[in-house]
Amino acid sequence: MAAKSLDYQKIREDFPILSTRMNGKPLVFLDSAASSQKPRRVIEAFEDYYRCRNANIHRGAYRLSYEATDLYDRTRARLAKFLGAPDPDTVIFTRNTTESLNIVAYSWAMNNLQPGDEILVSELEHHSNLVPWMMAAKKTGAILKHIPLTEDARYDLDRLNEVISERTRIVSVAHMSNAVGTIHDLKTIGRAARQAGALFVVDGAQGACHLNVNVEDLDCDFYAISAHKMLGPTGVGALYGKREILENMEPFLGGGDMILTVSRDSFKPAPLPMKFEAGTPNIAGVVAFSVALDYLNQVGLENIHSHEVALLEYGLEEIKKVEGIKLYGSQDLANRGGVISFLLDGVHPHDIGSILDEEGVAVRAGHHCCEPFMKKEGISGTVRASFYLYNGPDDIDALVKSLQKVRSIFKMPAKKAQR
Ligand SMILES: Cc1ncc(COP(=O)(O)O)c(C=O)c1O
C-alpha cells in the first residue's frame with residue numbers, strides 16, 4: 001500500500017506542548033529520538049485514569065480494581081498485536097528498553113553463558129544495549145565481540161562471518177541507530193544468529209516508534225521497546241520474548257505479583273507474563289500507552305516512516321548549504337530514519353545546542369549514549385536533530401537558520417562564491 005502524506009500541521013495541533021514558546025520563540029522540537037511528545041488524548045487518558053479509575057490491579061475484590069486490571073491487560077493485548085506477537089502473555093511490561101534488555105542479560109545471559117561464550121554487539125549500540133552485556137560477560141567469563149561497521153555507520157554484513165561463530169550465544173543489535181539513524185538489516189543478522197544457534201535480541205527503542213514491527217516475521221527471540229519514544233508516557237516499556245525461552249528463564253525481580261505460591265522458604269513463580277512483573281506496575285502509564293498505540297495505528301507507521309524520510313531528504317539537502325557542516329551516517333536513505341547527526345567546523349556540539357536553544361530549537365548535543373561510536377569516530381559527540389510525525393519542513397528551515405546564526409556568532413566566514 002502506498003504511503004499517505006501526513007498533514008503534520010494538523011497532527012501538531014494534537015500535541016499541546018508544540019504550541020508553547022521557548023526563550024520567547026515558538027518551540028521547534030527536534031529531539032524525538034530522546035523522547036517523543038505526547039498527544040492530548042494520551043495526557044487525558046493518564047489524568048482520567050487517576051481521576052476515575054485508579055485502583056491496584058490483579059488484587060482487589062471490587063469493581064474498580066477489576067476495571068483497572070481489564071484496562072491494563074487490554075493494553076498488553078493491543079501491544080502484542082502492534083508488535084505482531086502471537087500471544088499477549090509473551091509481552092512483559094517493564095519500565096523502559098533499558099530494563100527490558102537487562103531482563104535478558106540478568107535472567108538469561110547470566111544463567112546460561114559459559115566462559116569463552118561470545119556476545120555479539122556493535123560499537124554503534126546505545127549504552128543500554130552494551131552495558132548489560134558487559135555486565136553479563138564480566139559475571140560469566142563470556143567475551144564481547146563487535147560487528148564491524150562500514151565508513152557510513154552501517155553493520156558491515158559482508159564481514160559478519162569474521163565475528164560470528166559456534167561460540168556466539170547472543171546477537172544483540174538495534175533496529176535503528178539513535179546516533180545516526182541507520183536502519184539495520186535485521187533479517188540478515190537474524191538469519192546469521194540462528195545459523196550460529198545464538199539468541200537474536202533486538203533493541204527496538206528506535207524501531208517500534210517509526211517502523212512497522214512484526215516480531216514473528218523477524219523471528220527475533222526478544223524485542224525491547226520504550227513507550228515514551230512512541231507518544232506514550234515515561235516509565236513504561238516492554239519486552240517481547242519467545243514463550244519457550246521466557247518460560248525457561250529465571251525471574252528477574254522477586255516480590256508480589258510474580259509468584260504462584262510462597263511457602264516459608266521457597267516460592268513458585270507465576271506463569272507468563274506475571275513471572276516478570278514483580279510489584280505494582282505503572283498502571284496509569286500502561287493505560288495511557290494504549291491510547292498512544294491507537295494514535296500510531298490511526299496515523300499508520302508506514303505513513304510516519306515515509307514522512308520522516310521525505311523530511312530527512314529535505315533536511316540533508318538544506319543542512320548541506322550551511323558551510324562547514326560535517327554529516328554522520330549513511331547517505332542511503334533506503335536504510336535510514338529521521339535523524340541528522342552533524343558537527344559544524346570546530347564548534348563544540350554543546351555550544352551549538354545552546355545557541356539553537358536560544359532560538360527555540362531543541363536538539364540533542366553529545367554522545368547520545370553511544371560513547372564507543374563517538375570514540376571510534378575520534379569525536380566527543382555530535383549535534384542530533386531527530387524527526388517524528390509532527391515535524392515539518394518549517395522545523396528544518398528553523399534549524400538551518402539557527403545554524404547560520406551559530407556561524408555568525410562564531411564569526412565564521414561566509415561561503416566563498418564559486419568561480
Ligand atoms: C537505540 C536505543 N536503545 C536504547 C535506548 C534506551 O531507552 P530508555 O532510556 O527508554 O530505556 C535508547 C534511548 O534513547 C535508544 O535510542
# chains A, B, ... in the order shown; residues from 1 in each chain; ligands from 1
call {"tool": "closest_atom_pairs", "arguments": {"of": "chain A", "to": "ligand 1", "cutoff": "7 Å", "atoms": "only C-alpha atoms and all ligand atoms", "output": "JSON lines"}}
result
{"residue": "A:Ala33", "atom": "CA", "partner": "ligand 1", "partner_atom_place_in_ligand_line": "14 (O)", "distance": 6.1}
{"residue": "A:Ala34", "atom": "CA", "partner": "ligand 1", "partner_atom_place_in_ligand_line": "14 (O)", "distance": 4.9}
{"residue": "A:Asn96", "atom": "CA", "partner": "ligand 1", "partner_atom_place_in_ligand_line": "11 (O)", "distance": 4.3}
{"residue": "A:Thr97", "atom": "CA", "partner": "ligand 1", "partner_atom_place_in_ligand_line": "11 (O)", "distance": 3.9}
{"residue": "A:Thr98", "atom": "CA", "partner": "ligand 1", "partner_atom_place_in_ligand_line": "11 (O)", "distance": 3.7}
{"residue": "A:Glu99", "atom": "CA", "partner": "ligand 1", "partner_atom_place_in_ligand_line": "11 (O)", "distance": 6.4}
{"residue": "A:Glu125", "atom": "CA", "partner": "ligand 1", "partner_atom_place_in_ligand_line": "1 (C)", "distance": 6.7}
{"residue": "A:His126", "atom": "CA", "partner": "ligand 1", "partner_atom_place_in_ligand_line": "3 (N)", "distance": 4.9}
{"residue": "A:Ser128", "atom": "CA", "partner": "ligand 1", "partner_atom_place_in_ligand_line": "4 (C)", "distance": 5.1}
{"residue": "A:Asn129", "atom": "CA", "partner": "ligand 1", "partner_atom_place_in_ligand_line": "3 (N)", "distance": 6.3}
{"residue": "A:Ala174", "atom": "CA", "partner": "ligand 1", "partner_atom_place_in_ligand_line": "1 (C)", "distance": 5.7}
{"residue": "A:Met176", "atom": "CA", "partner": "ligand 1", "partner_atom_place_in_ligand_line": "1 (C)", "distance": 6.4}
{"residue": "A:Ser177", "atom": "CA", "partner": "ligand 1", "partner_atom_place_in_ligand_line": "1 (C)", "distance": 5.4}
{"residue": "A:Asn178", "atom": "CA", "partner": "ligand 1", "partner_atom_place_in_ligand_line": "16 (O)", "distance": 4.4}
{"residue": "A:Asp203", "atom": "CA", "partner": "ligand 1", "partner_atom_place_in_ligand_line": "3 (N)", "distance": 5.6}
{"residue": "A:Gly204", "atom": "CA", "partner": "ligand 1", "partner_atom_place_in_ligand_line": "1 (C)", "distance": 6.7}
{"residue": "A:Ala205", "atom": "CA", "partner": "ligand 1", "partner_atom_place_in_ligand_line": "2 (C)", "distance": 4.7}
{"residue": "A:Gln206", "atom": "CA", "partner": "ligand 1", "partner_atom_place_in_ligand_line": "1 (C)", "distance": 5.3}
{"residue": "A:Ser226", "atom": "CA", "partner": "ligand 1", "partner_atom_place_in_ligand_line": "10 (O)", "distance": 4.8}
{"residue": "A:His228", "atom": "CA", "partner": "ligand 1", "partner_atom_place_in_ligand_line": "10 (O)", "distance": 6.8}
call {"tool": "write_last_selection", "arguments": {"atoms": "C-alpha atoms", "output": "PDB file, in the first residue's frame"}}
result
ATOM      1  CA  ALA A  33      14.818  10.227  19.358  1.00  0.00           C
ATOM      2  CA  ALA A  34      15.366  11.032  23.043  1.00  0.00           C
ATOM      3  CA  ASN A  96      11.785   1.009  29.510  1.00  0.00           C
ATOM      4  CA  THR A  97      14.036  -0.559  26.858  1.00  0.00           C
ATOM      5  CA  THR A  98      16.935  -0.483  29.293  1.00  0.00           C
ATOM      6  CA  GLU A  99      15.098  -2.623  31.822  1.00  0.00           C
ATOM      7  CA  GLU A 125      24.859   0.438  20.052  1.00  0.00           C
ATOM      8  CA  HIS A 126      23.219   2.582  22.689  1.00  0.00           C
ATOM      9  CA  SER A 128      21.551   0.188  27.091  1.00  0.00           C
ATOM     10  CA  ASN A 129      22.435  -2.460  24.544  1.00  0.00           C
ATOM     11  CA  ALA A 174      19.429  -2.088  17.379  1.00  0.00           C
ATOM     12  CA  MET A 176      17.568   1.703  14.183  1.00  0.00           C
ATOM     13  CA  SER A 177      20.554   3.678  15.461  1.00  0.00           C
ATOM     14  CA  ASN A 178      19.641   6.618  17.677  1.00  0.00           C
ATOM     15  CA  ASP A 203      16.878  -3.190  20.797  1.00  0.00           C
ATOM     16  CA  GLY A 204      13.699  -1.723  19.337  1.00  0.00           C
ATOM     17  CA  ALA A 205      13.796   1.619  21.171  1.00  0.00           C
ATOM     18  CA  GLN A 206      14.034   3.448  17.826  1.00  0.00           C
ATOM     19  CA  SER A 226      10.089   2.188  25.398  1.00  0.00           C
ATOM     20  CA  HIS A 228       7.968   7.282  25.838  1.00  0.00           C
TER      21      HIS A 228
END
call {"tool": "select_by_dssp", "arguments": {"residues": "stretch 88-228 of chain A", "states": "strand (DSSP E)", "output": "ChimeraX atom specification"}}
result
/A:91-94,118-122,143-147,168-174,199-203,222-226
call {"tool": "write_last_selection", "arguments": {"atoms": "N, CA and C atoms", "output": "mmCIF file, in the first residue's frame"}}
result
data_model
loop_
_atom_site.group_PDB
_atom_site.id
_atom_site.type_symbol
_atom_site.label_atom_id
_atom_site.label_comp_id
_atom_site.auth_asym_id
_atom_site.auth_seq_id
_atom_site.Cartn_x
_atom_site.Cartn_y
_atom_site.Cartn_z
ATOM 1 N N VAL A 91 4.375 -10.741 26.061
ATOM 2 C CA VAL A 91 4.752 -9.322 26.132
ATOM 3 C C VAL A 91 4.745 -8.909 27.603
ATOM 4 N N ILE A 92 5.913 -8.518 28.090
ATOM 5 C CA ILE A 92 6.078 -8.190 29.511
ATOM 6 C C ILE A 92 6.224 -6.688 29.651
ATOM 7 N N PHE A 93 5.466 -6.105 30.539
ATOM 8 C CA PHE A 93 5.643 -4.669 30.778
ATOM 9 C C PHE A 93 6.844 -4.445 31.693
ATOM 10 N N THR A 94 7.642 -3.452 31.303
ATOM 11 C CA THR A 94 8.842 -3.081 32.065
ATOM 12 C C THR A 94 8.809 -1.566 32.251
ATOM 13 N N GLU A 118 30.386 -16.227 23.429
ATOM 14 C CA GLU A 118 30.513 -14.886 22.833
ATOM 15 C C GLU A 118 29.173 -14.163 22.700
ATOM 16 N N ILE A 119 29.221 -12.863 22.952
ATOM 17 C CA ILE A 119 28.048 -11.994 22.790
ATOM 18 C C ILE A 119 28.409 -11.006 21.684
ATOM 19 N N LEU A 120 27.573 -10.958 20.661
ATOM 20 C CA LEU A 120 27.890 -10.094 19.518
ATOM 21 C C LEU A 120 27.033 -8.828 19.555
ATOM 22 N N VAL A 121 27.713 -7.682 19.599
ATOM 23 C CA VAL A 121 27.043 -6.378 19.580
ATOM 24 C C VAL A 121 27.750 -5.524 18.520
ATOM 25 N N SER A 122 27.684 -4.209 18.626
ATOM 26 C CA SER A 122 28.493 -3.355 17.745
ATOM 27 C C SER A 122 28.848 -2.084 18.497
ATOM 28 N N ILE A 143 32.689 -13.396 26.289
ATOM 29 C CA ILE A 143 33.502 -12.386 25.584
ATOM 30 C C ILE A 143 32.578 -11.542 24.710
ATOM 31 N N LEU A 144 32.819 -10.240 24.736
ATOM 32 C CA LEU A 144 32.041 -9.338 23.890
ATOM 33 C C LEU A 144 32.737 -9.191 22.540
ATOM 34 N N LYS A 145 31.990 -9.367 21.447
ATOM 35 C CA LYS A 145 32.570 -9.139 20.120
ATOM 36 C C LYS A 145 31.729 -8.101 19.386
ATOM 37 N N HIS A 146 32.329 -7.485 18.361
ATOM 38 C CA HIS A 146 31.647 -6.366 17.696
ATOM 39 C C HIS A 146 31.520 -6.591 16.195
ATOM 40 N N ILE A 147 30.328 -6.361 15.688
ATOM 41 C CA ILE A 147 30.108 -6.433 14.239
ATOM 42 C C ILE A 147 30.878 -5.260 13.615
ATOM 43 N N THR A 168 29.141 -18.076 19.500
ATOM 44 C CA THR A 168 28.228 -16.936 19.685
ATOM 45 C C THR A 168 26.935 -17.434 20.307
ATOM 46 N N ARG A 169 26.563 -16.865 21.460
ATOM 47 C CA ARG A 169 25.319 -17.294 22.137
ATOM 48 C C ARG A 169 24.242 -16.221 22.061
ATOM 49 N N ILE A 170 24.678 -14.962 21.900
ATOM 50 C CA ILE A 170 23.724 -13.854 21.828
ATOM 51 C C ILE A 170 24.179 -12.893 20.734
ATOM 52 N N VAL A 171 23.232 -12.482 19.889
ATOM 53 C CA VAL A 171 23.491 -11.380 18.955
ATOM 54 C C VAL A 171 22.473 -10.309 19.323
ATOM 55 N N SER A 172 22.950 -9.145 19.744
ATOM 56 C CA SER A 172 22.017 -8.102 20.186
ATOM 57 C C SER A 172 22.300 -6.799 19.452
ATOM 58 N N VAL A 173 21.351 -6.389 18.644
ATOM 59 C CA VAL A 173 21.545 -5.210 17.790
ATOM 60 C C VAL A 173 20.316 -4.298 17.843
ATOM 61 N N ALA A 174 20.541 -3.050 17.433
ATOM 62 C CA ALA A 174 19.429 -2.088 17.379
ATOM 63 C C ALA A 174 18.655 -2.257 16.078
ATOM 64 N N LEU A 199 20.943 -16.579 20.440
ATOM 65 C CA LEU A 199 19.713 -15.811 20.641
ATOM 66 C C LEU A 199 19.820 -14.528 19.838
ATOM 67 N N PHE A 200 18.708 -14.124 19.273
ATOM 68 C CA PHE A 200 18.683 -12.890 18.493
ATOM 69 C C PHE A 200 17.844 -11.858 19.248
ATOM 70 N N VAL A 201 18.528 -10.833 19.758
ATOM 71 C CA VAL A 201 17.878 -9.811 20.592
ATOM 72 C C VAL A 201 17.859 -8.495 19.818
ATOM 73 N N VAL A 202 16.709 -7.838 19.785
ATOM 74 C CA VAL A 202 16.626 -6.560 19.075
ATOM 75 C C VAL A 202 16.293 -5.444 20.059
ATOM 76 N N ASP A 203 17.148 -4.422 20.058
ATOM 77 C CA ASP A 203 16.878 -3.190 20.797
ATOM 78 C C ASP A 203 15.967 -2.358 19.889
ATOM 79 N N PHE A 222 13.943 -11.823 21.243
ATOM 80 C CA PHE A 222 13.498 -10.743 22.135
ATOM 81 C C PHE A 222 13.430 -9.440 21.349
ATOM 82 N N TYR A 223 12.477 -8.595 21.735
ATOM 83 C CA TYR A 223 12.379 -7.257 21.138
ATOM 84 C C TYR A 223 12.020 -6.298 22.276
ATOM 85 N N ALA A 224 12.839 -5.264 22.450
ATOM 86 C CA ALA A 224 12.676 -4.354 23.605
ATOM 87 C C ALA A 224 12.236 -2.971 23.140
ATOM 88 N N ILE A 225 11.269 -2.385 23.855
ATOM 89 C CA ILE A 225 10.774 -1.046 23.470
ATOM 90 C C ILE A 225 10.561 -0.132 24.692
ATOM 91 N N SER A 226 10.439 1.169 24.391
ATOM 92 C CA SER A 226 10.089 2.188 25.398
ATOM 93 C C SER A 226 8.861 2.943 24.920
#
call {"tool": "residues_around", "arguments": {"residues": "A:Asn56", "least_positions_apart": "3", "cutoff": "12 Å", "atoms": "only C-alpha atoms", "output": "ChimeraX atom specification"}}
result
/A:49-50,53,59-72,257,279-284
call {"tool": "atom_distance", "arguments": {"atom1": "atom CA of A:Val163", "atom2": "atom CA of A:Ala179"}}
result
22.9 Å
call {"tool": "atom_distance", "arguments": {"atom1": "atom CA of A:Met134", "atom2": "atom CA of A:Gly207"}}
result
23.0 Å
call {"tool": "residues_around", "arguments": {"residues": "stretch 375-384 of chain A", "least_positions_apart": "6", "cutoff": "9 Å", "atoms": "only C-alpha atoms", "output": "list in words"}}
result
Leu30, Asp31, Ala33, Glu123, Ala179, Val180, Tyr328, Val339, Ile340, Ser341, Phe342, Leu343, Leu344, His348, Pro349, His350, Ile352, Gly353, Val363, Arg364, Ala365, Gly366, His367 and His368 of chain A
call {"tool": "residues_around", "arguments": {"residues": "A:Ser330", "least_positions_apart": "6", "cutoff": "7 Å", "atoms": "only C-alpha atoms", "output": "ChimeraX atom specification"}}
result
/A:152-153,182,336
call {"tool": "write_last_selection", "arguments": {"atoms": "C-alpha atoms", "output": "tab-separated table (two decimals), in the first residue's frame"}}
result
chain	number	residue	atom	x	y	z
A	152	ASP	CA	28.95	5.30	6.81
A	153	ALA	CA	27.84	3.65	10.08
A	182	THR	CA	20.80	3.75	10.28
A	336	ARG	CA	17.84	5.45	7.24
call {"tool": "residues_around", "arguments": {"residues": "A:Ser32", "least_positions_apart": "6", "cutoff": "8 Å", "atoms": "only C-alpha atoms", "output": "PyMOL selection string"}}
result
chain A and resi 229+386-388
call {"tool": "select_by_dssp", "arguments": {"residues": "stretch 23-227 of chain A", "states": "alpha helix (DSSP H)", "output": "VMD selection string"}}
result
chain A and resid 40 to 48 63 to 83 97 to 103 110 to 112 131 to 140 160 to 163 186 to 196 215 to 218
call {"tool": "atom_distance", "arguments": {"atom1": "atom CA of A:Arg95", "atom2": "atom CA of A:Leu18"}}
result
25.6 Å
call {"tool": "closest_residue", "arguments": {"among": "A:Asp332, A:Asp357, A:Glu323, A:Glu313", "to": "A:Ser408", "atoms": "only C-alpha atoms"}}
result
A:Glu323
call {"tool": "closest_residue", "arguments": {"among": "A:Asn23, A:Glu166, A:Thr140, A:Glu359", "to": "A:Ala398", "atoms": "only C-alpha atoms"}}
result
A:Glu359
call {"tool": "closest_atom_pairs", "arguments": {"of": "stretch 233-335 of chain A", "to": "stretch 7-16 of chain A", "cutoff": "10 Å", "atoms": "only C-alpha atoms", "output": "Markdown table"}}
result
| residue | atom | partner | partner_atom | distance |
| --- | --- | --- | --- | --- |
| A:Val299 | CA | A:Ile11 | CA | 9.2 |
| A:Ile304 | CA | A:Tyr8 | CA | 9.8 |
| A:His307 | CA | A:Tyr8 | CA | 8.9 |
call {"tool": "residues_around", "arguments": {"residues": "A:Gly254", "least_positions_apart": "5", "cutoff": "12 Å", "atoms": "only C-alpha atoms", "output": "mmCIF file with N, CA and C atoms, in the first residue's frame"}}
result
data_model
loop_
_atom_site.group_PDB
_atom_site.id
_atom_site.type_symbol
_atom_site.label_atom_id
_atom_site.label_comp_id
_atom_site.auth_asym_id
_atom_site.auth_seq_id
_atom_site.Cartn_x
_atom_site.Cartn_y
_atom_site.Cartn_z
ATOM 1 N N SER A 107 18.513 -12.497 33.475
ATOM 2 C CA SER A 107 17.780 -13.748 33.661
ATOM 3 C C SER A 107 18.189 -14.824 32.670
ATOM 4 N N ILE A 259 4.533 -14.332 41.764
ATOM 5 C CA ILE A 259 4.549 -15.666 42.361
ATOM 6 C C ILE A 259 3.216 -16.396 42.168
ATOM 7 N N LEU A 260 3.357 -17.725 42.162
ATOM 8 C CA LEU A 260 2.158 -18.558 42.171
ATOM 9 C C LEU A 260 1.837 -18.901 43.626
ATOM 10 N N VAL A 262 3.915 -19.051 47.734
ATOM 11 C CA VAL A 262 5.125 -18.827 48.544
ATOM 12 C C VAL A 262 4.974 -19.628 49.830
ATOM 13 N N SER A 266 10.495 -20.976 50.276
ATOM 14 C CA SER A 266 10.624 -21.022 48.815
ATOM 15 C C SER A 266 9.375 -20.468 48.137
ATOM 16 N N PHE A 267 9.470 -20.347 46.830
ATOM 17 C CA PHE A 267 8.325 -19.828 46.065
ATOM 18 C C PHE A 267 8.258 -20.537 44.722
ATOM 19 N N LYS A 268 7.088 -20.477 44.133
ATOM 20 C CA LYS A 268 6.925 -20.935 42.742
ATOM 21 C C LYS A 268 6.542 -19.717 41.934
ATOM 22 N N PRO A 269 7.266 -19.454 40.821
ATOM 23 C CA PRO A 269 6.912 -18.261 40.040
ATOM 24 C C PRO A 269 5.561 -18.408 39.345
ATOM 25 N N ALA A 270 4.929 -17.282 39.109
ATOM 26 C CA ALA A 270 3.653 -17.252 38.375
ATOM 27 C C ALA A 270 3.921 -17.575 36.909
ATOM 28 N N MET A 274 3.203 -12.677 34.291
ATOM 29 C CA MET A 274 3.371 -12.135 35.641
ATOM 30 C C MET A 274 4.728 -12.492 36.263
ATOM 31 N N LYS A 275 5.266 -13.613 35.833
ATOM 32 C CA LYS A 275 6.575 -14.036 36.356
ATOM 33 C C LYS A 275 7.632 -12.923 36.282
ATOM 34 N N PHE A 276 7.487 -12.060 35.261
ATOM 35 C CA PHE A 276 8.477 -10.983 35.078
ATOM 36 C C PHE A 276 7.933 -9.603 35.459
ATOM 37 N N GLU A 277 6.794 -9.582 36.141
ATOM 38 C CA GLU A 277 6.222 -8.278 36.505
ATOM 39 C C GLU A 277 6.014 -8.195 38.020
ATOM 40 N N ALA A 278 7.123 -8.166 38.745
ATOM 41 C CA ALA A 278 7.045 -8.104 40.213
ATOM 42 C C ALA A 278 6.610 -6.714 40.667
ATOM 43 N N GLY A 279 5.765 -6.677 41.672
ATOM 44 C CA GLY A 279 5.383 -5.393 42.272
ATOM 45 C C GLY A 279 4.327 -4.646 41.462
ATOM 46 N N THR A 280 3.856 -3.553 42.040
ATOM 47 C CA THR A 280 2.819 -2.753 41.364
ATOM 48 C C THR A 280 3.433 -2.032 40.175
#
call {"tool": "closest_residue", "arguments": {"among": "A:Arg167, A:Lys401, A:Lys25, A:His305", "to": "A:Asp117", "atoms": "only C-alpha atoms"}}
result
A:Arg167
call {"tool": "decode", "arguments": {"residues": "stretch 255-282 of chain A", "atoms": "N, CA and C atoms", "output": "JSON list (two decimals), in the first residue's frame"}}
result
[["chain", "number", "residue", "atom", "x", "y", "z"],
["A", 255, "GLY", "N", 9.06, -10.71, 44.26],
["A", 255, "GLY", "CA", 8.15, -9.92, 45.09],
["A", 255, "GLY", "C", 6.71, -10.30, 44.82],
["A", 256, "GLY", "N", 5.82, -9.36, 45.10],
["A", 256, "GLY", "CA", 4.40, -9.59, 44.86],
["A", 256, "GLY", "C", 4.11, -9.72, 43.39],
["A", 257, "ASP", "N", 3.02, -10.36, 43.07],
["A", 257, "ASP", "CA", 2.51, -10.50, 41.69],
["A", 257, "ASP", "C", 3.26, -11.50, 40.82],
["A", 258, "MET", "N", 4.56, -11.72, 41.09],
["A", 258, "MET", "CA", 5.31, -12.63, 40.21],
["A", 258, "MET", "C", 5.32, -14.06, 40.73],
["A", 259, "ILE", "N", 4.53, -14.33, 41.76],
["A", 259, "ILE", "CA", 4.55, -15.67, 42.36],
["A", 259, "ILE", "C", 3.22, -16.40, 42.17],
["A", 260, "LEU", "N", 3.36, -17.72, 42.16],
["A", 260, "LEU", "CA", 2.16, -18.56, 42.17],
["A", 260, "LEU", "C", 1.84, -18.90, 43.63],
["A", 261, "THR", "N", 2.86, -19.43, 44.33],
["A", 261, "THR", "CA", 2.71, -19.69, 45.77],
["A", 261, "THR", "C", 4.03, -19.37, 46.46],
["A", 262, "VAL", "N", 3.92, -19.05, 47.73],
["A", 262, "VAL", "CA", 5.12, -18.83, 48.54],
["A", 262, "VAL", "C", 4.97, -19.63, 49.83],
["A", 263, "SER", "N", 6.00, -20.40, 50.17],
["A", 263, "SER", "CA", 5.99, -21.08, 51.47],
["A", 263, "SER", "C", 7.07, -20.44, 52.34],
["A", 264, "ARG", "N", 7.32, -21.00, 53.51],
["A", 264, "ARG", "CA", 8.25, -20.35, 54.43],
["A", 264, "ARG", "C", 9.62, -20.07, 53.80],
["A", 265, "ASP", "N", 10.10, -21.04, 53.00],
["A", 265, "ASP", "CA", 11.47, -20.91, 52.48],
["A", 265, "ASP", "C", 11.59, -20.87, 50.97],
["A", 266, "SER", "N", 10.49, -20.98, 50.28],
["A", 266, "SER", "CA", 10.62, -21.02, 48.82],
["A", 266, "SER", "C", 9.37, -20.47, 48.14],
["A", 267, "PHE", "N", 9.47, -20.35, 46.83],
["A", 267, "PHE", "CA", 8.33, -19.83, 46.07],
["A", 267, "PHE", "C", 8.26, -20.54, 44.72],
["A", 268, "LYS", "N", 7.09, -20.48, 44.13],
["A", 268, "LYS", "CA", 6.92, -20.93, 42.74],
["A", 268, "LYS", "C", 6.54, -19.72, 41.93],
["A", 269, "PRO", "N", 7.27, -19.45, 40.82],
["A", 269, "PRO", "CA", 6.91, -18.26, 40.04],
["A", 269, "PRO", "C", 5.56, -18.41, 39.34],
["A", 270, "ALA", "N", 4.93, -17.28, 39.11],
["A", 270, "ALA", "CA", 3.65, -17.25, 38.37],
["A", 270, "ALA", "C", 3.92, -17.58, 36.91],
["A", 271, "PRO", "N", 2.91, -17.99, 36.18],
["A", 271, "PRO", "CA", 3.09, -18.17, 34.74],
["A", 271, "PRO", "C", 3.32, -16.82, 34.05],
["A", 272, "LEU", "N", 3.68, -16.87, 32.78],
["A", 272, "LEU", "CA", 3.87, -15.64, 31.99],
["A", 272, "LEU", "C", 2.54, -14.91, 31.89],
["A", 273, "PRO", "N", 2.55, -13.63, 31.84],
["A", 273, "PRO", "CA", 3.69, -12.71, 31.88],
["A", 273, "PRO", "C", 4.06, -12.28, 33.30],
["A", 274, "MET", "N", 3.20, -12.68, 34.29],
["A", 274, "MET", "CA", 3.37, -12.13, 35.64],
["A", 274, "MET", "C", 4.73, -12.49, 36.26],
["A", 275, "LYS", "N", 5.27, -13.61, 35.83],
["A", 275, "LYS", "CA", 6.58, -14.04, 36.36],
["A", 275, "LYS", "C", 7.63, -12.92, 36.28],
["A", 276, "PHE", "N", 7.49, -12.06, 35.26],
["A", 276, "PHE", "CA", 8.48, -10.98, 35.08],
["A", 276, "PHE", "C", 7.93, -9.60, 35.46],
["A", 277, "GLU", "N", 6.79, -9.58, 36.14],
["A", 277, "GLU", "CA", 6.22, -8.28, 36.50],
["A", 277, "GLU", "C", 6.01, -8.20, 38.02],
["A", 278, "ALA", "N", 7.12, -8.17, 38.75],
["A", 278, "ALA", "CA", 7.05, -8.10, 40.21],
["A", 278, "ALA", "C", 6.61, -6.71, 40.67],
["A", 279, "GLY", "N", 5.77, -6.68, 41.67],
["A", 279, "GLY", "CA", 5.38, -5.39, 42.27],
["A", 279, "GLY", "C", 4.33, -4.65, 41.46],
["A", 280, "THR", "N", 3.86, -3.55, 42.04],
["A", 280, "THR", "CA", 2.82, -2.75, 41.36],
["A", 280, "THR", "C", 3.43, -2.03, 40.18],
["A", 281, "PRO", "N", 2.90, -2.24, 38.99],
["A", 281, "PRO", "CA", 3.49, -1.59, 37.81],
["A", 281, "PRO", "C", 2.98, -0.16, 37.64],
["A", 282, "ASN", "N", 3.42, 0.47, 36.57],
["A", 282, "ASN", "CA", 2.97, 1.82, 36.23],
["A", 282, "ASN", "C", 1.63, 1.69, 35.50]]
